[in-house]
Amino acid sequence: MKHLLSTRDLDRATAVGILDIAEDMARTADREVRKLPTLRGRTVVNLFFEDSTRTRLSFESAAKRLSADVITFSAKGSSVSKGESLKDTAQTLQAMGADAIVVRHHGSGAAHMLAHAGWIDAHVLNAGDGTHEHPTQALLDAFTMRQRRYGADSRGRDLEGMRVVIVGDVVHSRVARSNVWLLSTLGADVHLVAPRTLLPSGVETWPVTVHEHLEPALALDPDVVMMLRIQQERMHAAFFPSAREYAREWGLTAERFAALGPDTMVMHPGPMNRGLEISSAAADSSASTVLAQVTNGVFIRMAVLYLLVAGSSEESA
Amino acid sequence: MTGVLIRGATLLGETREDIRIRGGRIAATGRLTAELDERVIDADGLVALPGLVDLHTHLREPGAEASETVLTGTRAAASGGYTTVFAMANTSPVADTAGVVEQVHALGIQHGYATVRPIGAVTVGLDGERLSEIGAMARSRANVRVFSDDGTCIHDALLMRRALEYVATFDGVIAQHAQEPRLTEGAQMNEGALSGELGLSGWPAVAEEAIIARDVLLAQHTGARLHVCHVSTAGSVEVIRWAKARGIAVTAEVTPHHLLLTEELVRGYDARFKVNPPLRRDDDVRALREALADGTIDIVATDHAPHPAEAKECTWAEAAFGMVGLESALPVLQTTMIETGMLDWEDLARVMSSAPAAIGRLDGYADPLTEGAPANVTLVDPAARRFWSRNDLRGRSTNTPYTGVELTGAIIATVHGGVPTVLDGELRPADEVAAAAARLREAARG
């Protein structure tokens with residue numbers, strides 16, 4: 001694998017393979033010395049055009065545990081905000097010897113552009129591009145689901161037979177897109193729930209079942225309920241009338257949460273709007289995987305960096 | 001040499017004839033013998049068309065000369081077989097005064113590659129609020145008859161009504177860029193399954209169709225002429241067909257790129273394919289071709305929109321909208337409409353020359369290639385085939401969407417008002433063209 005741009009490009013075997021490597025990475029976390037020498041002498045650049053402290057720290061931490069040299073380039077306050085183009089920034093980083101570029105950008109397709117425009121040779125890892133994709137988030141979500149379901153017996157398994165309900169602002173969500181492609185590739189039964197205003201056009205062509213209301217989807221006894229973050233400004237653009245109405249219709253309220261089955265996982269990519277898309281009762285319960293998702297994010301990002309950077313050097317050796 | 005003899009051309013793809021050009025006019029057609037002072041163009045196997053007329057060109061001068069100038073844009077036009085271009089008003093300063101349109105018009109005359117007919121802005125600064133001095137532009141030396149805020153839509157219904165009525169006073173026409181602004185805020189590509197997948201904001205067909213529907217009703221109500229720029233959807237075609245059936249004075253254009261390319265090209269996020277209105281679906285392309293063939297769409301216009309490399313070498317959302325199209329228009333039309341049997345050469349001459357001239361109130365294109373008509377002639381080699389490349393471009397910018405696409409047909413010669421601007425498939429030098437044009441002007445005056 002040269003780049004990781006989208007989960008659409010992953011077939012089931014590759015996806016399961018990434019999850020399995022992440023299992024290996026997770027095991028190293030219990031050791032006394034957590035650091036692996038795998039990427040010693042390699043340089044990983046975190047190129048963040050959009051603020052995202054969590055994702056940036058997760059990638060930094062993953063690269064450091066693999067002993068890579070890590071450069072973090074935050075576009076705010078840098079030459080980029082003074083008009084330097086993505087092309088010039090990328091070529092500068094390449095000239096500094098970047099082996100892999102982890103890119104987060106507000107524009108859909110930015111990672112694809114970096115990988116395919118012919119500007120650079122480095123591996124490109126999409127850490128979120130606009131409203132397009134966020135593949136490592138989907139991988140860590142799948143990893144978390146598998147681990148909760150199968151525990152120590154996770155290795156080699158896909159998500160066949162699991163029912164996942166994703167609720168909220170699908171149209172603006174890169175997390176939802178990456179999850180839809182990946183989870184369906186892994187065999188999960190994926191359901192989307194949102195008012196029509198928050199569903200992307202063409203959603204009827206996606207490998208999912210779409211619901212406009214939350215109750216019918218929750219009545220299917222899902223294994224996972226994933227709540228997407230709602231941005232408050234959406235109500236000003238007439239996507240829905242008010243936070244209160246949204247919470248009432250599509251929020252995981254304490255009542256709805258209480259009615260879920262005992263083994264249903266509650267997931268959220270963070271940061272959460274408590275009281276809007278998710279109630280504290282749900283967020284703080286033992287059903288919530290929110291913190292496990294953060295922990296697993298590091299293992300998944302280690303696995304992907306390992307596959308891209310170390311994997312390719314073995315091929316060329 | 002004072003004259004030109006085109007030998008053995010197939011006029012409009014029908015009969016083989018010679019064409020004699022003298023003093024800027026067609027002196028004779030038929031079987032002719034070359035005279036000593038004539039430059040002979042061997043047109044064996046070539047189709048003679050009237051000089052092409054583009055009702056929708058962005059020449060970028062004044063203001064964005066890094067992208068294009070009147071000189072470079074008319075060179076691109078000549079190499080594509082055009083002898084007249086209508087230059088859009090969205091320059092800097094905006095073409096909203098007699099001073100600006102006269103300047104652009106004069107540059108066209110000075111360079112000589114093509115007649116430049118400026119389009120006047122409908123509203124001051126294209127701000128959509130106050131009418132610009134339409135009368136002054138109409139009465140200026142630039143003789144403006146087409147008015148457009150192209151790039152933005154005249155979305156205020158009252159302003160549109162008044163503009164239609166006021167422009168009609170000067171025998172002008174409003175060329176509307178039909179795009180409902182609220183429905184297309186931040187829009188990046190055609191709205192549909194692909195925009196949903198790629199995470200790019202959609203530009204829904206209804207945003208074009210709703211404005212066209214409103215505008216044809218306003219045209220009916222006011223009795224004024226309406227021209228619809230760059231029609232891009234099957235639904236728009238339906239609305240225009242309905243309006244024409246009711247006798248409403250509406251005309252419409254389609255761009256070459258909307259006749260050939262579809263939204264699938266957006267998949268790689270290559271901003272060369274970013275254009276406004278956006279590339280649409282296969283069904284739309286089919287409907288547009290049929291509409292051009294049956295006359296629902298009257299003309300082809302390029303919407304030639306040059307941009308510097310840096311405006312396209314960036315992420316999709318940051319990139320500029322637009323494609324260059326003057327050089328490739330005829331090859332695209334031959335490929336999409338002639339080769340498919342949907343149009344013949346006579347039809348092509350209508351949709352790319354006489355009909356746009358009539359909409360723009362441009363004289364000299366009504367009876368082309370006949371004795372006494374102004375000598376605007378384009379010679380096409382219909383047998384030529386090539387994979388399009390940047391080397392086929394002659395303007396200042398290279399944002400063509402066709403690189404690597406096989407297109408048929410090539411422009412071998414262009415004669416603008418008796419002045420050869422392209423011979424043997426190559427542009428004539430700027431000084432030669434300017435001098436020849438100046439001599440003809442002198443002679444006409446004397």
# chains A, B, ... in the order shown; residues from 1 in each chain; ligands from 1
$ interface_residues --of "chain B" --to "chain A" --cutoff "7 Å" --atoms "only C-alpha atoms" --output "list in words"
Glu191, Gly192, Ala193, Gly196, Leu198, Gly199, Leu200, Tyr269, Cys314, Thr315, Trp316 and Ala317 of chain B
$ residues_around --residues "A:Gln231" --least-positions-apart "6" --cutoff "12 Å" --atoms "only C-alpha atoms" --output "MDAnalysis selection string"
chainID A and resid 168:173 198 237 239:240 242:243 246 270:273 276:277
$ write_last_selection --atoms "N, CA and C atoms" --output "tab-separated table (two decimals), in the first residue's frame"
chain	number	residue	atom	x	y	z
A	168	GLY	N	-26.97	11.00	12.54
A	168	GLY	CA	-26.64	12.42	12.60
A	168	GLY	C	-26.32	13.07	11.28
A	169	ASP	N	-25.35	13.98	11.32
A	169	ASP	CA	-25.04	14.85	10.19
A	169	ASP	C	-24.19	14.10	9.16
A	170	VAL	N	-24.81	13.18	8.45
A	170	VAL	CA	-24.07	12.35	7.50
A	170	VAL	C	-23.52	13.20	6.35
A	171	VAL	N	-24.30	14.17	5.90
A	171	VAL	CA	-23.90	14.90	4.70
A	171	VAL	C	-22.57	15.63	4.88
A	172	HIS	N	-22.32	16.13	6.09
A	172	HIS	CA	-21.07	16.86	6.31
A	172	HIS	C	-19.99	15.99	6.96
A	173	SER	N	-20.25	14.69	7.10
A	173	SER	CA	-19.36	13.87	7.92
A	173	SER	C	-18.42	12.98	7.11
A	198	LEU	N	-29.92	16.31	6.28
A	198	LEU	CA	-28.56	15.94	6.65
A	198	LEU	C	-28.11	14.63	5.99
A	237	ALA	N	-28.31	27.38	9.07
A	237	ALA	CA	-28.42	27.19	7.62
A	237	ALA	C	-29.64	26.33	7.28
A	239	PHE	N	-30.76	23.49	8.31
A	239	PHE	CA	-30.73	22.03	8.25
A	239	PHE	C	-31.70	21.42	9.26
A	240	PHE	N	-31.85	22.11	10.39
A	240	PHE	CA	-32.88	21.73	11.37
A	240	PHE	C	-33.19	22.98	12.19
A	242	SER	N	-33.77	23.72	15.60
A	242	SER	CA	-33.15	24.12	16.87
A	242	SER	C	-32.45	22.91	17.49
A	243	ALA	N	-31.53	23.20	18.40
A	243	ALA	CA	-30.82	22.13	19.09
A	243	ALA	C	-31.82	21.27	19.87
A	246	TYR	N	-33.60	18.96	17.54
A	246	TYR	CA	-32.70	17.91	17.07
A	246	TYR	C	-32.51	16.84	18.15
A	270	GLY	N	-16.05	11.99	18.75
A	270	GLY	CA	-15.55	13.11	19.52
A	270	GLY	C	-15.22	14.29	18.64
A	271	PRO	N	-15.17	15.47	19.16
A	271	PRO	CA	-15.65	15.84	20.49
A	271	PRO	C	-17.18	15.84	20.56
A	272	MET	N	-17.69	15.50	21.74
A	272	MET	CA	-19.14	15.33	21.89
A	272	MET	C	-19.83	16.64	22.25
A	273	ASN	N	-21.07	16.78	21.81
A	273	ASN	CA	-21.96	17.84	22.30
A	273	ASN	C	-22.93	17.17	23.25
A	276	LEU	N	-26.92	17.39	23.17
A	276	LEU	CA	-27.41	17.59	21.81
A	276	LEU	C	-27.55	16.23	21.14
A	277	GLU	N	-26.44	15.71	20.57
A	277	GLU	CA	-26.59	14.41	19.93
A	277	GLU	C	-26.49	13.25	20.92
$ residues_around --residues "A:Gly251" --least-positions-apart "3" --cutoff "12 Å" --atoms "only C-alpha atoms" --output "ChimeraX atom specification"
/A:166-169,193-195,213-215,218,225-230,243-248,254-257,272-283
$ write_last_selection --atoms "C-alpha atoms" --output "short mmCIF file (atom, residue, chain, number, x, y, z; two decimals), in the first residue's frame"
data_model
loop_
_atom_site.label_atom_id
_atom_site.label_comp_id
_atom_site.auth_asym_id
_atom_site.auth_seq_id
_atom_site.Cartn_x
_atom_site.Cartn_y
_atom_site.Cartn_z
CA ILE A 166 -24.93 5.71 12.48
CA VAL A 167 -26.94 8.77 13.48
CA GLY A 168 -26.64 12.42 12.60
CA ASP A 169 -25.04 14.85 10.19
CA VAL A 193 -30.38 7.79 10.53
CA ALA A 194 -30.83 11.50 9.82
CA PRO A 195 -33.41 14.04 8.72
CA HIS A 213 -36.34 8.59 12.30
CA LEU A 214 -34.31 7.13 15.12
CA GLU A 215 -36.84 4.82 16.83
CA LEU A 218 -32.99 1.47 17.44
CA VAL A 225 -25.06 3.03 17.87
CA MET A 226 -22.66 5.65 16.57
CA MET A 227 -23.61 9.26 17.18
CA LEU A 228 -22.06 11.86 14.86
CA ARG A 229 -21.14 15.31 16.04
CA ILE A 230 -23.66 18.01 15.21
CA ALA A 243 -30.82 22.13 19.09
CA ARG A 244 -33.77 21.18 21.25
CA GLU A 245 -35.74 19.76 18.38
CA TYR A 246 -32.70 17.91 17.07
CA ALA A 247 -31.99 16.36 20.47
CA ARG A 248 -35.62 15.35 20.83
CA ALA A 254 -31.23 9.00 28.43
CA GLU A 255 -34.58 7.36 27.66
CA ARG A 256 -33.51 6.03 24.29
CA PHE A 257 -30.22 4.88 25.76
CA MET A 272 -19.14 15.33 21.89
CA ASN A 273 -21.96 17.84 22.30
CA ARG A 274 -23.52 16.54 25.48
CA GLY A 275 -27.22 17.19 25.57
CA LEU A 276 -27.41 17.59 21.81
CA GLU A 277 -26.59 14.41 19.93
CA ILE A 278 -25.72 12.41 23.03
CA SER A 279 -26.86 12.50 26.64
CA SER A 280 -24.41 12.27 29.50
CA ALA A 281 -26.16 9.10 30.62
CA ALA A 282 -25.10 7.45 27.36
CA ALA A 283 -21.68 9.08 27.09
#
$ residues_around --residues "A:Leu183" --least-positions-apart "3" --cutoff "12 Å" --atoms "only C-alpha atoms" --output "PyMOL selection string"
chain A and resi 7-8+10-12+15-16+135+137-146+158-166+175-180+186-191+206-208+224
$ write_last_selection --atoms "N, CA and C atoms" --output "CSV table (one decimal), in the first residue's frame"
chain,number,residue,atom,x,y,z
A,7,THR,N,-11.3,4.6,2.6
A,7,THR,CA,-11.6,3.2,2.9
A,7,THR,C,-12.3,2.5,1.8
A,8,ARG,N,-12.7,3.2,0.8
A,8,ARG,CA,-13.3,2.6,-0.4
A,8,ARG,C,-12.3,1.7,-1.1
A,10,LEU,N,-10.1,-0.2,0.2
A,10,LEU,CA,-9.7,-1.3,1.0
A,10,LEU,C,-10.6,-2.5,0.7
A,11,ASP,N,-10.0,-3.7,0.4
A,11,ASP,CA,-10.8,-4.9,0.3
A,11,ASP,C,-10.9,-5.5,1.7
A,12,ARG,N,-11.7,-6.6,1.9
A,12,ARG,CA,-11.9,-7.1,3.2
A,12,ARG,C,-10.6,-7.6,3.8
A,15,ALA,N,-8.3,-4.8,4.9
A,15,ALA,CA,-8.8,-4.2,6.1
A,15,ALA,C,-8.6,-5.0,7.4
A,16,VAL,N,-8.9,-6.3,7.3
A,16,VAL,CA,-8.7,-7.2,8.4
A,16,VAL,C,-7.3,-7.2,8.8
A,135,PRO,N,-10.2,8.0,6.9
A,135,PRO,CA,-10.1,6.5,7.0
A,135,PRO,C,-9.6,5.9,8.3
A,137,GLN,N,-10.1,7.0,11.2
A,137,GLN,CA,-11.2,7.0,12.2
A,137,GLN,C,-12.1,5.8,12.0
A,138,ALA,N,-12.4,5.5,10.8
A,138,ALA,CA,-13.2,4.3,10.5
A,138,ALA,C,-12.5,3.0,10.9
A,139,LEU,N,-11.2,3.0,10.7
A,139,LEU,CA,-10.5,1.8,11.0
A,139,LEU,C,-10.4,1.6,12.6
A,140,LEU,N,-10.3,2.7,13.3
A,140,LEU,CA,-10.2,2.6,14.7
A,140,LEU,C,-11.6,2.2,15.3
A,141,ASP,N,-12.7,2.7,14.6
A,141,ASP,CA,-14.0,2.4,15.0
A,141,ASP,C,-14.3,0.9,14.8
A,142,ALA,N,-13.8,0.4,13.6
A,142,ALA,CA,-14.0,-1.1,13.3
A,142,ALA,C,-13.2,-1.9,14.3
A,143,PHE,N,-12.0,-1.4,14.6
A,143,PHE,CA,-11.1,-2.1,15.6
A,143,PHE,C,-11.8,-2.2,17.0
A,144,THR,N,-12.4,-1.1,17.4
A,144,THR,CA,-13.1,-1.0,18.7
A,144,THR,C,-14.3,-2.0,18.7
A,145,MET,N,-15.0,-2.0,17.6
A,145,MET,CA,-16.2,-2.9,17.6
A,145,MET,C,-15.8,-4.3,17.7
A,146,ARG,N,-14.7,-4.7,16.9
A,146,ARG,CA,-14.3,-6.0,16.9
A,146,ARG,C,-13.7,-6.5,18.3
A,158,ASP,N,-13.8,-10.5,10.8
A,158,ASP,CA,-14.4,-9.3,10.2
A,158,ASP,C,-15.6,-8.9,11.0
A,159,LEU,N,-16.5,-8.1,10.5
A,159,LEU,CA,-17.7,-7.7,11.3
A,159,LEU,C,-19.0,-8.3,10.8
A,160,GLU,N,-18.9,-9.4,10.1
A,160,GLU,CA,-20.1,-10.1,9.6
A,160,GLU,C,-21.0,-10.3,10.8
A,161,GLY,N,-22.3,-10.0,10.5
A,161,GLY,CA,-23.3,-10.2,11.6
A,161,GLY,C,-23.5,-9.1,12.5
A,162,MET,N,-22.7,-8.0,12.4
A,162,MET,CA,-22.9,-6.9,13.4
A,162,MET,C,-23.8,-5.9,12.7
A,163,ARG,N,-24.7,-5.3,13.5
A,163,ARG,CA,-25.6,-4.3,13.0
A,163,ARG,C,-25.1,-2.9,13.6
A,164,VAL,N,-24.8,-2.0,12.7
A,164,VAL,CA,-24.3,-0.7,13.2
A,164,VAL,C,-25.3,0.4,12.7
A,165,VAL,N,-25.7,1.3,13.7
A,165,VAL,CA,-26.6,2.4,13.3
A,165,VAL,C,-25.8,3.7,13.5
A,166,ILE,N,-25.7,4.4,12.4
A,166,ILE,CA,-24.9,5.7,12.5
A,166,ILE,C,-25.9,6.8,12.4
A,175,VAL,N,-16.4,11.1,8.7
A,175,VAL,CA,-16.3,9.9,9.5
A,175,VAL,C,-17.4,8.9,9.0
A,176,ALA,N,-18.6,9.5,8.7
A,176,ALA,CA,-19.7,8.6,8.3
A,176,ALA,C,-19.3,8.0,7.0
A,177,ARG,N,-18.8,8.7,6.0
A,177,ARG,CA,-18.5,8.2,4.7
A,177,ARG,C,-17.4,7.0,4.9
A,178,SER,N,-16.4,7.3,5.6
A,178,SER,CA,-15.3,6.3,5.7
A,178,SER,C,-15.9,5.0,6.4
A,179,ASN,N,-16.7,5.3,7.4
A,179,ASN,CA,-17.3,4.1,8.1
A,179,ASN,C,-18.3,3.3,7.2
A,180,VAL,N,-19.1,4.0,6.4
A,180,VAL,CA,-20.0,3.3,5.6
A,180,VAL,C,-19.3,2.3,4.7
A,186,LEU,N,-16.5,-4.9,5.6
A,186,LEU,CA,-16.2,-5.9,6.6
A,186,LEU,C,-17.4,-6.7,6.9
A,187,GLY,N,-18.5,-6.5,6.2
A,187,GLY,CA,-19.7,-7.4,6.4
A,187,GLY,C,-20.7,-6.9,7.4
A,188,ALA,N,-20.5,-5.7,7.9
A,188,ALA,CA,-21.5,-5.3,8.9
A,188,ALA,C,-22.8,-4.8,8.2
A,189,ASP,N,-23.9,-4.8,8.9
A,189,ASP,CA,-25.2,-4.3,8.4
A,189,ASP,C,-25.3,-2.9,8.8
A,190,VAL,N,-25.2,-1.9,7.9
A,190,VAL,CA,-25.0,-0.5,8.3
A,190,VAL,C,-26.3,0.2,8.0
A,191,HIS,N,-26.8,1.0,9.0
A,191,HIS,CA,-28.0,1.8,8.9
A,191,HIS,C,-27.6,3.2,9.2
A,206,TRP,N,-25.8,4.0,-1.6
A,206,TRP,CA,-24.8,3.5,-0.7
A,206,TRP,C,-25.2,2.1,-0.2
A,207,PRO,N,-24.3,1.4,0.3
A,207,PRO,CA,-24.6,0.0,0.8
A,207,PRO,C,-25.1,0.1,2.2
A,208,VAL,N,-26.2,0.8,2.4
A,208,VAL,CA,-26.8,1.0,3.8
A,208,VAL,C,-28.3,1.0,3.7
A,224,VAL,N,-24.2,-1.7,17.6
A,224,VAL,CA,-23.5,-0.4,17.8
A,224,VAL,C,-24.4,0.7,17.4
$ residues_around --residues "B:Ala366" --least-positions-apart "5" --cutoff "12 Å" --atoms "only C-alpha atoms" --output "list in words"
Pro50, Gly51, Val53, Ala349, Arg350, Ser353, Ser354, Ala355, Pro356, Ala357, Ala358, Ile359, Gly360, Arg361, Gly372, Ala373, Pro374 and Asn376 of chain B
$ write_last_selection --atoms "N, CA and C atoms" --output "PDB file, in the first residue's frame"
ATOM      1  N   PRO B  50     -18.215  29.364 -42.760  1.00  0.00           N
ATOM      2  CA  PRO B  50     -18.098  30.787 -42.440  1.00  0.00           C
ATOM      3  C   PRO B  50     -17.242  30.940 -41.190  1.00  0.00           C
ATOM      4  N   GLY B  51     -16.592  32.094 -41.037  1.00  0.00           N
ATOM      5  CA  GLY B  51     -15.838  32.334 -39.810  1.00  0.00           C
ATOM      6  C   GLY B  51     -16.738  32.120 -38.613  1.00  0.00           C
ATOM      7  N   VAL B  53     -18.306  32.339 -34.798  1.00  0.00           N
ATOM      8  CA  VAL B  53     -18.657  33.455 -33.916  1.00  0.00           C
ATOM      9  C   VAL B  53     -18.900  32.896 -32.516  1.00  0.00           C
ATOM     10  N   ALA B 349     -22.452  25.346 -39.293  1.00  0.00           N
ATOM     11  CA  ALA B 349     -22.233  26.756 -39.640  1.00  0.00           C
ATOM     12  C   ALA B 349     -23.309  27.630 -38.992  1.00  0.00           C
ATOM     13  N   ARG B 350     -24.505  27.096 -38.925  1.00  0.00           N
ATOM     14  CA  ARG B 350     -25.587  27.863 -38.276  1.00  0.00           C
ATOM     15  C   ARG B 350     -25.313  28.016 -36.780  1.00  0.00           C
ATOM     16  N   SER B 353     -21.968  30.048 -36.194  1.00  0.00           N
ATOM     17  CA  SER B 353     -21.663  31.301 -36.877  1.00  0.00           C
ATOM     18  C   SER B 353     -22.904  32.173 -37.089  1.00  0.00           C
ATOM     19  N   SER B 354     -23.795  31.785 -37.993  1.00  0.00           N
ATOM     20  CA  SER B 354     -24.882  32.726 -38.328  1.00  0.00           C
ATOM     21  C   SER B 354     -25.849  32.948 -37.171  1.00  0.00           C
ATOM     22  N   ALA B 355     -26.169  31.887 -36.427  1.00  0.00           N
ATOM     23  CA  ALA B 355     -27.128  32.069 -35.323  1.00  0.00           C
ATOM     24  C   ALA B 355     -26.551  32.906 -34.185  1.00  0.00           C
ATOM     25  N   PRO B 356     -25.321  32.630 -33.721  1.00  0.00           N
ATOM     26  CA  PRO B 356     -24.779  33.533 -32.691  1.00  0.00           C
ATOM     27  C   PRO B 356     -24.641  34.968 -33.193  1.00  0.00           C
ATOM     28  N   ALA B 357     -24.318  35.140 -34.479  1.00  0.00           N
ATOM     29  CA  ALA B 357     -24.217  36.499 -35.025  1.00  0.00           C
ATOM     30  C   ALA B 357     -25.574  37.193 -34.959  1.00  0.00           C
ATOM     31  N   ALA B 358     -26.616  36.452 -35.286  1.00  0.00           N
ATOM     32  CA  ALA B 358     -27.951  37.056 -35.270  1.00  0.00           C
ATOM     33  C   ALA B 358     -28.358  37.449 -33.850  1.00  0.00           C
ATOM     34  N   ILE B 359     -28.063  36.592 -32.876  1.00  0.00           N
ATOM     35  CA  ILE B 359     -28.412  36.909 -31.483  1.00  0.00           C
ATOM     36  C   ILE B 359     -27.671  38.164 -31.028  1.00  0.00           C
ATOM     37  N   GLY B 360     -26.402  38.275 -31.448  1.00  0.00           N
ATOM     38  CA  GLY B 360     -25.576  39.405 -31.026  1.00  0.00           C
ATOM     39  C   GLY B 360     -25.703  40.613 -31.933  1.00  0.00           C
ATOM     40  N   ARG B 361     -26.603  40.561 -32.919  1.00  0.00           N
ATOM     41  CA  ARG B 361     -26.801  41.664 -33.873  1.00  0.00           C
ATOM     42  C   ARG B 361     -25.484  42.055 -34.537  1.00  0.00           C
ATOM     43  N   GLY B 372     -19.909  39.098 -52.289  1.00  0.00           N
ATOM     44  CA  GLY B 372     -20.221  40.377 -51.649  1.00  0.00           C
ATOM     45  C   GLY B 372     -20.226  40.326 -50.131  1.00  0.00           C
ATOM     46  N   ALA B 373     -20.246  39.122 -49.564  1.00  0.00           N
ATOM     47  CA  ALA B 373     -20.241  39.023 -48.094  1.00  0.00           C
ATOM     48  C   ALA B 373     -18.835  39.298 -47.566  1.00  0.00           C
ATOM     49  N   PRO B 374     -18.733  39.796 -46.334  1.00  0.00           N
ATOM     50  CA  PRO B 374     -17.401  39.965 -45.738  1.00  0.00           C
ATOM     51  C   PRO B 374     -16.663  38.622 -45.735  1.00  0.00           C
ATOM     52  N   ASN B 376     -15.105  36.223 -44.174  1.00  0.00           N
ATOM     53  CA  ASN B 376     -14.809  35.497 -42.939  1.00  0.00           C
ATOM     54  C   ASN B 376     -14.960  34.016 -43.255  1.00  0.00           C
TER      55      ASN B 376
END
$ select_by_dssp --residues "stretch 18-72 of chain B" --states "strand (DSSP E or B)" --output "number ranges by chain"
B: 18-22, 25-30, 38-42, 47-50, 52-57
$ write_last_selection --atoms "N, CA and C atoms" --output "mmCIF file, in the first residue's frame"
data_model
loop_
_atom_site.group_PDB
_atom_site.id
_atom_site.type_symbol
_atom_site.label_atom_id
_atom_site.label_comp_id
_atom_site.auth_asym_id
_atom_site.auth_seq_id
_atom_site.Cartn_x
_atom_site.Cartn_y
_atom_site.Cartn_z
ATOM 1 N N ASP B 18 -14.212 27.163 -55.738
ATOM 2 C CA ASP B 18 -13.114 28.064 -55.390
ATOM 3 C C ASP B 18 -13.728 29.331 -54.793
ATOM 4 N N ILE B 19 -12.968 29.991 -53.946
ATOM 5 C CA ILE B 19 -13.469 31.227 -53.330
ATOM 6 C C ILE B 19 -12.415 32.313 -53.531
ATOM 7 N N ARG B 20 -12.840 33.425 -54.123
ATOM 8 C CA ARG B 20 -11.900 34.551 -54.317
ATOM 9 C C ARG B 20 -12.199 35.627 -53.286
ATOM 10 N N ILE B 21 -11.158 36.093 -52.638
ATOM 11 C CA ILE B 21 -11.300 37.130 -51.613
ATOM 12 C C ILE B 21 -10.531 38.367 -52.053
ATOM 13 N N ARG B 22 -11.211 39.494 -52.066
ATOM 14 C CA ARG B 22 -10.597 40.771 -52.463
ATOM 15 C C ARG B 22 -11.125 41.881 -51.583
ATOM 16 N N ARG B 25 -13.696 41.221 -48.907
ATOM 17 C CA ARG B 25 -14.986 40.585 -49.206
ATOM 18 C C ARG B 25 -14.802 39.367 -50.100
ATOM 19 N N ILE B 26 -15.837 38.552 -50.159
ATOM 20 C CA ILE B 26 -15.850 37.441 -51.096
ATOM 21 C C ILE B 26 -16.145 38.049 -52.464
ATOM 22 N N ALA B 27 -15.182 37.926 -53.384
ATOM 23 C CA ALA B 27 -15.348 38.566 -54.694
ATOM 24 C C ALA B 27 -16.078 37.629 -55.649
ATOM 25 N N ALA B 28 -15.839 36.346 -55.505
ATOM 26 C CA ALA B 28 -16.484 35.393 -56.423
ATOM 27 C C ALA B 28 -16.381 33.998 -55.849
ATOM 28 N N THR B 29 -17.296 33.142 -56.251
ATOM 29 C CA THR B 29 -17.174 31.713 -55.959
ATOM 30 C C THR B 29 -17.464 30.956 -57.248
ATOM 31 N N GLY B 30 -17.064 29.719 -57.293
ATOM 32 C CA GLY B 30 -17.271 28.921 -58.505
ATOM 33 C C GLY B 30 -15.961 28.317 -58.950
ATOM 34 N N GLU B 38 -2.491 36.889 -56.377
ATOM 35 C CA GLU B 38 -3.270 36.166 -55.375
ATOM 36 C C GLU B 38 -2.436 35.120 -54.648
ATOM 37 N N ARG B 39 -2.700 35.040 -53.367
ATOM 38 C CA ARG B 39 -2.155 33.938 -52.577
ATOM 39 C C ARG B 39 -3.141 32.769 -52.724
ATOM 40 N N VAL B 40 -2.646 31.639 -53.194
ATOM 41 C CA VAL B 40 -3.536 30.503 -53.435
ATOM 42 C C VAL B 40 -3.473 29.548 -52.248
ATOM 43 N N ILE B 41 -4.642 29.222 -51.710
ATOM 44 C CA ILE B 41 -4.710 28.230 -50.628
ATOM 45 C C ILE B 41 -5.308 26.960 -51.212
ATOM 46 N N ASP B 42 -4.541 25.899 -51.157
ATOM 47 C CA ASP B 42 -5.051 24.627 -51.669
ATOM 48 C C ASP B 42 -5.971 24.015 -50.614
ATOM 49 N N VAL B 47 -13.174 21.447 -45.730
ATOM 50 C CA VAL B 47 -14.528 22.004 -45.689
ATOM 51 C C VAL B 47 -14.417 23.498 -45.410
ATOM 52 N N ALA B 48 -15.089 24.293 -46.249
ATOM 53 C CA ALA B 48 -15.120 25.739 -46.001
ATOM 54 C C ALA B 48 -16.358 26.083 -45.186
ATOM 55 N N LEU B 49 -16.113 26.747 -44.064
ATOM 56 C CA LEU B 49 -17.201 27.200 -43.197
ATOM 57 C C LEU B 49 -17.112 28.721 -43.098
ATOM 58 N N PRO B 50 -18.215 29.364 -42.760
ATOM 59 C CA PRO B 50 -18.098 30.787 -42.440
ATOM 60 C C PRO B 50 -17.242 30.940 -41.190
ATOM 61 N N LEU B 52 -16.201 31.464 -37.579
ATOM 62 C CA LEU B 52 -17.025 31.120 -36.425
ATOM 63 C C LEU B 52 -17.199 32.339 -35.515
ATOM 64 N N VAL B 53 -18.306 32.339 -34.798
ATOM 65 C CA VAL B 53 -18.657 33.455 -33.916
ATOM 66 C C VAL B 53 -18.900 32.896 -32.516
ATOM 67 N N ASP B 54 -18.147 33.404 -31.557
ATOM 68 C CA ASP B 54 -18.339 32.936 -30.175
ATOM 69 C C ASP B 54 -19.047 34.008 -29.363
ATOM 70 N N LEU B 55 -20.217 33.685 -28.891
ATOM 71 C CA LEU B 55 -21.010 34.650 -28.124
ATOM 72 C C LEU B 55 -20.581 34.701 -26.657
ATOM 73 N N HIS B 56 -19.591 33.923 -26.267
ATOM 74 C CA HIS B 56 -19.270 33.833 -24.831
ATOM 75 C C HIS B 56 -17.784 33.529 -24.627
ATOM 76 N N THR B 57 -16.988 34.601 -24.626
ATOM 77 C CA THR B 57 -15.541 34.458 -24.445
ATOM 78 C C THR B 57 -15.095 35.349 -23.290
#
